[in-house]
>>> print(open('data-v1.tsv').read())   # TSV, C-alpha atoms
chain	number	residue	atom	x	y	z
Z	170	MET	CA	-6.56	-26.81	29.05
Z	171	VAL	CA	-5.90	-26.23	25.35
Z	172	ALA	CA	-7.26	-23.05	23.82
Z	173	PRO	CA	-9.06	-23.26	20.48
Z	174	ILE	CA	-7.10	-21.89	17.54
Z	175	PRO	CA	-8.86	-18.96	15.85
Z	176	ALA	CA	-9.60	-19.89	12.23
Z	177	SER	CA	-8.04	-16.61	11.13
Z	178	LEU	CA	-4.55	-17.66	12.34
Z	179	PRO	CA	-2.46	-20.15	10.33
Z	180	TYR	CA	-0.69	-21.64	13.34
Z	181	ALA	CA	-1.03	-25.10	14.81
Z	182	ASP	CA	-0.03	-23.60	18.16
Z	183	THR	CA	-2.68	-23.98	20.84
Z	184	LYS	CA	-1.53	-21.56	23.54
Z	185	PRO	CA	-3.94	-18.65	24.07
Z	186	VAL	CA	-1.13	-16.05	24.24
Z	187	GLY	CA	2.36	-16.06	22.76
Z	188	HIS	CA	5.50	-15.89	24.86
Z	189	ALA	CA	7.14	-12.47	24.66
Z	190	ASP	CA	10.68	-13.88	24.87
Z	191	PHE	CA	10.21	-14.92	21.24
Z	192	TYR	CA	10.86	-11.27	20.39
Z	193	PHE	CA	14.46	-11.76	21.56
Z	194	ALA	CA	14.92	-14.47	18.93
Z	195	VAL	CA	13.28	-12.37	16.23
Z	196	ASN	CA	15.50	-9.36	16.96
Z	197	ALA	CA	18.64	-11.54	17.11
Z	198	THR	CA	17.72	-13.26	13.83
Z	199	PHE	CA	17.27	-9.93	12.07
Z	200	ARG	CA	20.61	-8.71	13.45
Z	201	PHE	CA	22.45	-11.88	12.40
Z	202	ILE	CA	21.11	-11.88	8.85
Z	203	GLN	CA	21.83	-8.18	8.34
Z	204	ARG	CA	25.31	-8.33	9.90
Z	205	HIS	CA	26.44	-11.45	8.03
Z	206	HIS	CA	24.54	-11.17	4.75
Z	207	GLY	CA	23.51	-7.51	4.40
Z	208	GLU	CA	20.33	-5.49	4.41
Z	209	GLY	CA	19.22	-6.88	1.03
Z	210	ALA	CA	19.30	-10.41	2.43
Z	211	LEU	CA	17.28	-9.31	5.46
Z	212	ILE	CA	14.62	-7.74	3.23
Z	213	LYS	CA	14.51	-10.91	1.13
Z	214	TYR	CA	14.10	-12.95	4.33
Z	215	TRP	CA	11.15	-10.78	5.36
Z	216	GLN	CA	9.59	-11.08	1.90
Z	217	ASP	CA	10.11	-14.85	1.87
Z	218	LEU	CA	8.34	-15.10	5.26
Z	219	GLY	CA	5.38	-13.22	3.85
Z	220	HIS	CA	5.22	-15.31	0.67
Z	221	SER	CA	5.81	-18.75	2.21
Z	222	TYR	CA	4.98	-19.00	5.92
Z	223	TYR	CA	2.07	-16.59	5.70
Z	224	GLN	CA	0.69	-18.02	2.44
Z	225	PRO	CA	-2.42	-19.34	4.25
Z	226	VAL	CA	-3.09	-15.81	5.51
Z	227	SER	CA	-2.72	-14.38	2.01
Z	228	LYS	CA	-5.12	-17.01	0.66
Z	229	ARG	CA	-7.67	-16.16	3.34
Z	230	TRP	CA	-7.34	-12.44	2.56
Z	231	SER	CA	-7.94	-13.23	-1.12
Z	232	GLU	CA	-11.11	-15.11	-0.21
Z	233	LEU	CA	-12.49	-12.78	2.48
Z	234	GLY	CA	-11.13	-9.36	1.49
Z	235	PHE	CA	-10.86	-6.70	4.15
Z	236	ALA	CA	-13.03	-8.69	6.56
Z	237	GLY	CA	-10.35	-11.40	6.51
Z	238	VAL	CA	-7.59	-8.83	7.05
Z	239	ALA	CA	-9.38	-7.29	10.05
Z	240	ASP	CA	-10.22	-10.70	11.51
Z	241	TYR	CA	-6.61	-11.86	11.21
Z	242	TRP	CA	-5.15	-8.79	12.93
Z	243	ARG	CA	-7.68	-8.88	15.77
Z	244	ALA	CA	-6.82	-12.52	16.45
Z	245	PHE	CA	-3.08	-11.91	15.99
Z	246	PHE	CA	-2.85	-9.06	18.47
Z	247	ALA	CA	-5.16	-10.78	20.96
Z	248	ALA	CA	-2.44	-13.48	21.19
Z	249	GLU	CA	0.49	-11.03	21.42
Z	250	PRO	CA	1.44	-10.27	25.03
Z	251	GLY	CA	1.51	-6.57	25.86
Z	252	SER	CA	0.00	-5.27	22.64
Z	253	GLU	CA	-2.34	-2.32	22.44
Z	254	VAL	CA	-3.77	-2.12	18.93
Z	255	GLU	CA	-7.01	-0.84	17.45
Z	256	VAL	CA	-8.18	-2.49	14.23
Z	257	SER	CA	-10.76	-0.63	12.14
Z	258	GLU	CA	-12.33	-1.66	8.87
Z	259	SER	CA	-13.96	0.40	6.13
Z	260	PRO	CA	-14.82	-0.36	2.49
Z	261	GLU	CA	-11.52	1.30	1.47
Z	262	GLU	CA	-9.07	-0.16	4.00
Z	263	VAL	CA	-8.23	-1.91	7.22
Z	264	ARG	CA	-6.27	0.30	9.58
Z	265	LEU	CA	-4.13	-0.82	12.48
Z	266	GLU	CA	-3.38	1.84	15.07
Z	267	VAL	CA	-0.55	0.30	17.03
Z	268	LYS	CA	-0.45	2.25	20.25
Z	269	ARG	CA	1.97	-0.14	21.94
Z	270	CYS	CA	3.97	-2.61	19.86
Z	271	PRO	CA	4.46	-5.75	21.94
Z	272	ALA	CA	7.85	-6.55	20.42
Z	273	ILE	CA	9.38	-3.09	20.87
Z	274	ARG	CA	7.95	-2.84	24.40
Z	275	HIS	CA	9.37	-6.21	25.46
Z	276	LEU	CA	12.79	-5.60	23.93
Z	277	ARG	CA	13.04	-2.20	25.64
Z	278	GLU	CA	11.85	-3.52	29.01
Z	279	HIS	CA	14.64	-6.08	28.92
Z	280	GLY	CA	17.35	-3.67	27.81
Z	281	ARG	CA	17.89	-5.26	24.39
Z	282	GLU	CA	19.51	-3.31	21.58
Z	283	ILE	CA	16.85	-3.23	18.87
Z	284	VAL	CA	17.87	-3.61	15.24
Z	285	PRO	CA	17.40	-0.06	13.88
Z	286	ASN	CA	15.33	-1.17	10.85
Z	287	PHE	CA	13.26	-3.62	12.96
Z	288	CYS	CA	10.00	-1.82	12.16
Z	289	GLN	CA	10.52	-2.18	8.41
Z	290	HIS	CA	9.74	-5.87	8.72
Z	291	CYS	CA	6.08	-4.92	9.22
Z	292	PHE	CA	6.05	-3.40	5.75
Z	293	PHE	CA	8.05	-6.06	3.90
Z	294	VAL	CA	6.34	-9.08	5.46
Z	295	ASN	CA	2.85	-7.60	5.20
Z	296	GLU	CA	3.37	-6.39	1.64
Z	297	ALA	CA	4.35	-9.94	0.67
Z	298	ILE	CA	1.19	-11.28	2.33
Z	299	ALA	CA	-1.07	-8.61	0.85
Z	300	GLY	CA	0.22	-8.65	-2.74
Z	301	PRO	CA	-1.21	-12.02	-3.83
Z	302	ALA	CA	-4.55	-10.92	-2.33
Z	303	GLY	CA	-4.59	-7.81	-4.56
Z	304	MET	CA	-3.77	-5.56	-1.62
Z	305	THR	CA	-0.93	-3.42	-0.40
Z	306	VAL	CA	0.12	-1.93	2.92
Z	307	ARG	CA	1.53	1.42	3.96
Z	308	VAL	CA	3.26	1.89	7.30
Z	309	CYS	CA	3.82	5.22	9.01
Z	310	GLY	CA	5.57	5.62	12.35
Z	311	GLY	CA	7.29	2.85	14.24
Z	312	ASN	CA	9.58	2.54	17.24
Z	313	GLY	CA	6.64	1.34	19.34
Z	314	ARG	CA	3.73	3.22	17.72
Z	315	CYS	CA	2.61	3.13	14.09
Z	316	THR	CA	-0.28	3.10	11.67
Z	317	GLN	CA	-0.58	0.31	9.13
Z	318	ARG	CA	-3.11	0.69	6.32
Z	319	PHE	CA	-4.14	-2.29	4.19
Z	320	MET	CA	-5.72	-1.18	0.91
Z	321	LYS	CA	-6.50	-2.47	-2.55
Z	322	ALA	CA	-3.39	-2.28	-4.72
Z	323	THR	CA	-3.85	0.35	-7.41
Z	324	ALA	CA	-1.49	1.79	-10.01
Z	325	ASP	CA	-1.93	5.35	-8.70
Z	326	LEU	CA	-0.85	4.52	-5.15
Z	327	PRO	CA	2.71	5.73	-4.51
Z	328	PRO	CA	5.16	3.15	-3.18
Z	329	GLN	CA	6.00	2.90	0.51
Z	330	ASN	CA	8.52	5.52	1.53
Z	331	LEU	CA	10.82	3.68	3.95
Z	332	GLU	CA	11.66	7.03	5.55
Z	333	ASP	CA	8.06	7.05	6.86
Z	334	ILE	CA	9.00	4.06	9.04
Z	335	ALA	CA	10.81	5.19	12.17
Z	336	THR	CA	14.15	3.80	13.24
Z	337	ALA	CA	13.75	1.56	16.29
Z	338	SER	CA	15.75	2.23	19.41
>>> encode(input="data-v1.tsv", output="structure tokens")
Amino acid sequence: MVAPIPASLPYADTKPVGHADFYFAVNATFRFIQRHHGEGALIKYWQDLGHSYYQPVSKRWSELGFAGVADYWRAFFAAEPGSEVEVSESPEEVRLEVKRCPAIRHLREHGREIVPNFCQHCFFVNEAIAGPAGMTVRVCGGNGRCTQRFMKATADLPPQNLEDIATAS
């Protein structure tokens, strides 16, 4: 039986839930890029993912605003094995309260060494998705639990402080 694809997800994949072993590949990819090409190349990789692969998500957020952001994250985390995330929406923002990050949980359960700046990818990828939609994101916490706030981009909003994003271990 093939599950229907939620309209809020840009994937052609038809499985109802992702396979957690994918997190091994993600972690290894981040490690490889950083080790062989440096942290700047890893950040550029994350930004390129947000701008290119997630372009359909950015377009949808532009069209639907915060309702599109909330819809996307609800569908996304429903398909992520082992996640525990609350998505709330207000006129000012969409807030993700990640109580259990599925990637960090799975990597830990299997004794994998997690790339220390793993959690920064949530900022760099999501900022690249949000920017063309006139939005920005701020991430606080990490290492398995964080808050991500998606807001309208304004000139008075201070930039993301990367020190607010915890080192993963």
>>> closest_atom_pairs(input="data-v1.tsv", of="stretch 236-298 of chain Z", to="stretch 211-219 of chain Z", cutoff="7 Å", atoms="only C-alpha atoms", output="tab-separated table")
residue	atom	partner	partner_atom	distance
Z:His290	CA	Z:Trp215	CA	6.1
Z:Phe293	CA	Z:Gln216	CA	5.6
Z:Val294	CA	Z:Gly219	CA	4.5
Z:Asn295	CA	Z:Gly219	CA	6.3
Z:Ala297	CA	Z:Gly219	CA	4.7
Z:Ile298	CA	Z:Gly219	CA	4.9
>>> atom_distance(input="data-v1.tsv", atom1="atom CA of Z:Arg269", atom2="atom CA of Z:Arg200")
22.2 Å
>>> closest_residue(input="data-v1.tsv", among="Z:His188, Z:Gly234, Z:Cys288, Z:Ala248", to="Z:Glu332", atoms="all atoms listed in the file")
Z:Cys288
>>> residues_near_point(input="data-v1.tsv", point="(-2.2, 1.2, 21.9)", cutoff="6 Å", atoms="all atoms listed in the file", output="compact mmCIF listing (two decimals) with C-alpha atoms, in the coordinates of the input")
# COMPACT_ATOMS: atom_id res chain seq x y z
CA GLU Z 253 -2.34 -2.32 22.44
CA VAL Z 254 -3.77 -2.12 18.93
CA VAL Z 267 -0.55 0.30 17.03
CA LYS Z 268 -0.45 2.25 20.25
CA ARG Z 269 1.97 -0.14 21.94
>>> closest_residue(input="data-v1.tsv", among="Z:Leu276, Z:Ser221, Z:Lys228, Z:Pro327", to="Z:Val195", atoms="all atoms listed in the file")
Z:Leu276
>>> atom_distance(input="data-v1.tsv", atom1="atom CA of Z:Arg281", atom2="atom CA of Z:Tyr192")
10.1 Å
>>> atom_distance(input="data-v1.tsv", atom1="atom CA of Z:Phe193", atom2="atom CA of Z:Arg243")
23.1 Å
>>> closest_residue(input="data-v1.tsv", among="Z:Leu326, Z:Arg204, Z:Gly313, Z:Gly300", to="Z:Tyr223", atoms="all atoms listed in the file")
Z:Gly300
>>> axis_aligned_box(input="data-v1.tsv", around="stretch 242-261 of chain Z", padding_each_side="4 Å", output="AutoDock Vina command-line options")
--center_x -6.7 --center_y -6.1 --center_z 13.7 --size_x 24.3 --size_y 22.8 --size_z 32.4
>>> closest_residue(input="data-v1.tsv", among="Z:Gln203, Z:Ala322, Z:Gln317, Z:Gly280", to="Z:Trp242", atoms="all atoms listed in the file")
Z:Gln317
>>> residues_around(input="data-v1.tsv", residues="Z:Phe235", least_positions_apart="2", cutoff="12 Å", atoms="only C-alpha atoms", output="ChimeraX atom specification")
/Z:227,229-233,237-242,256-264,299,302-305,318-321
>>> write_last_selection(input="data-v1.tsv", atoms="C-alpha atoms", output="mmCIF file, in the coordinates of the input")
data_model
loop_
_atom_site.group_PDB
_atom_site.id
_atom_site.type_symbol
_atom_site.label_atom_id
_atom_site.label_comp_id
_atom_site.auth_asym_id
_atom_site.auth_seq_id
_atom_site.Cartn_x
_atom_site.Cartn_y
_atom_site.Cartn_z
ATOM 1 C CA SER Z 227 -2.720 -14.380 2.010
ATOM 2 C CA ARG Z 229 -7.670 -16.160 3.340
ATOM 3 C CA TRP Z 230 -7.340 -12.440 2.560
ATOM 4 C CA SER Z 231 -7.940 -13.230 -1.120
ATOM 5 C CA GLU Z 232 -11.110 -15.110 -0.210
ATOM 6 C CA LEU Z 233 -12.490 -12.780 2.480
ATOM 7 C CA GLY Z 237 -10.350 -11.400 6.510
ATOM 8 C CA VAL Z 238 -7.590 -8.830 7.050
ATOM 9 C CA ALA Z 239 -9.380 -7.290 10.050
ATOM 10 C CA ASP Z 240 -10.220 -10.700 11.510
ATOM 11 C CA TYR Z 241 -6.610 -11.860 11.210
ATOM 12 C CA TRP Z 242 -5.150 -8.790 12.930
ATOM 13 C CA VAL Z 256 -8.180 -2.490 14.230
ATOM 14 C CA SER Z 257 -10.760 -0.630 12.140
ATOM 15 C CA GLU Z 258 -12.330 -1.660 8.870
ATOM 16 C CA SER Z 259 -13.960 0.400 6.130
ATOM 17 C CA PRO Z 260 -14.820 -0.360 2.490
ATOM 18 C CA GLU Z 261 -11.520 1.300 1.470
ATOM 19 C CA GLU Z 262 -9.070 -0.160 4.000
ATOM 20 C CA VAL Z 263 -8.230 -1.910 7.220
ATOM 21 C CA ARG Z 264 -6.270 0.300 9.580
ATOM 22 C CA ALA Z 299 -1.070 -8.610 0.850
ATOM 23 C CA ALA Z 302 -4.550 -10.920 -2.330
ATOM 24 C CA GLY Z 303 -4.590 -7.810 -4.560
ATOM 25 C CA MET Z 304 -3.770 -5.560 -1.620
ATOM 26 C CA THR Z 305 -0.930 -3.420 -0.400
ATOM 27 C CA ARG Z 318 -3.110 0.690 6.320
ATOM 28 C CA PHE Z 319 -4.140 -2.290 4.190
ATOM 29 C CA MET Z 320 -5.720 -1.180 0.910
ATOM 30 C CA LYS Z 321 -6.500 -2.470 -2.550
#
>>> closest_residue(input="data-v1.tsv", among="Z:Ala189, Z:Phe245, Z:Arg307, Z:Leu331", to="Z:Val226", atoms="only C-alpha atoms")
Z:Phe245
>>> closest_residue(input="data-v1.tsv", among="Z:Asn312, Z:Phe201, Z:Pro328, Z:Pro301", to="Z:Pro285", atoms="all atoms listed in the file")
Z:Asn312
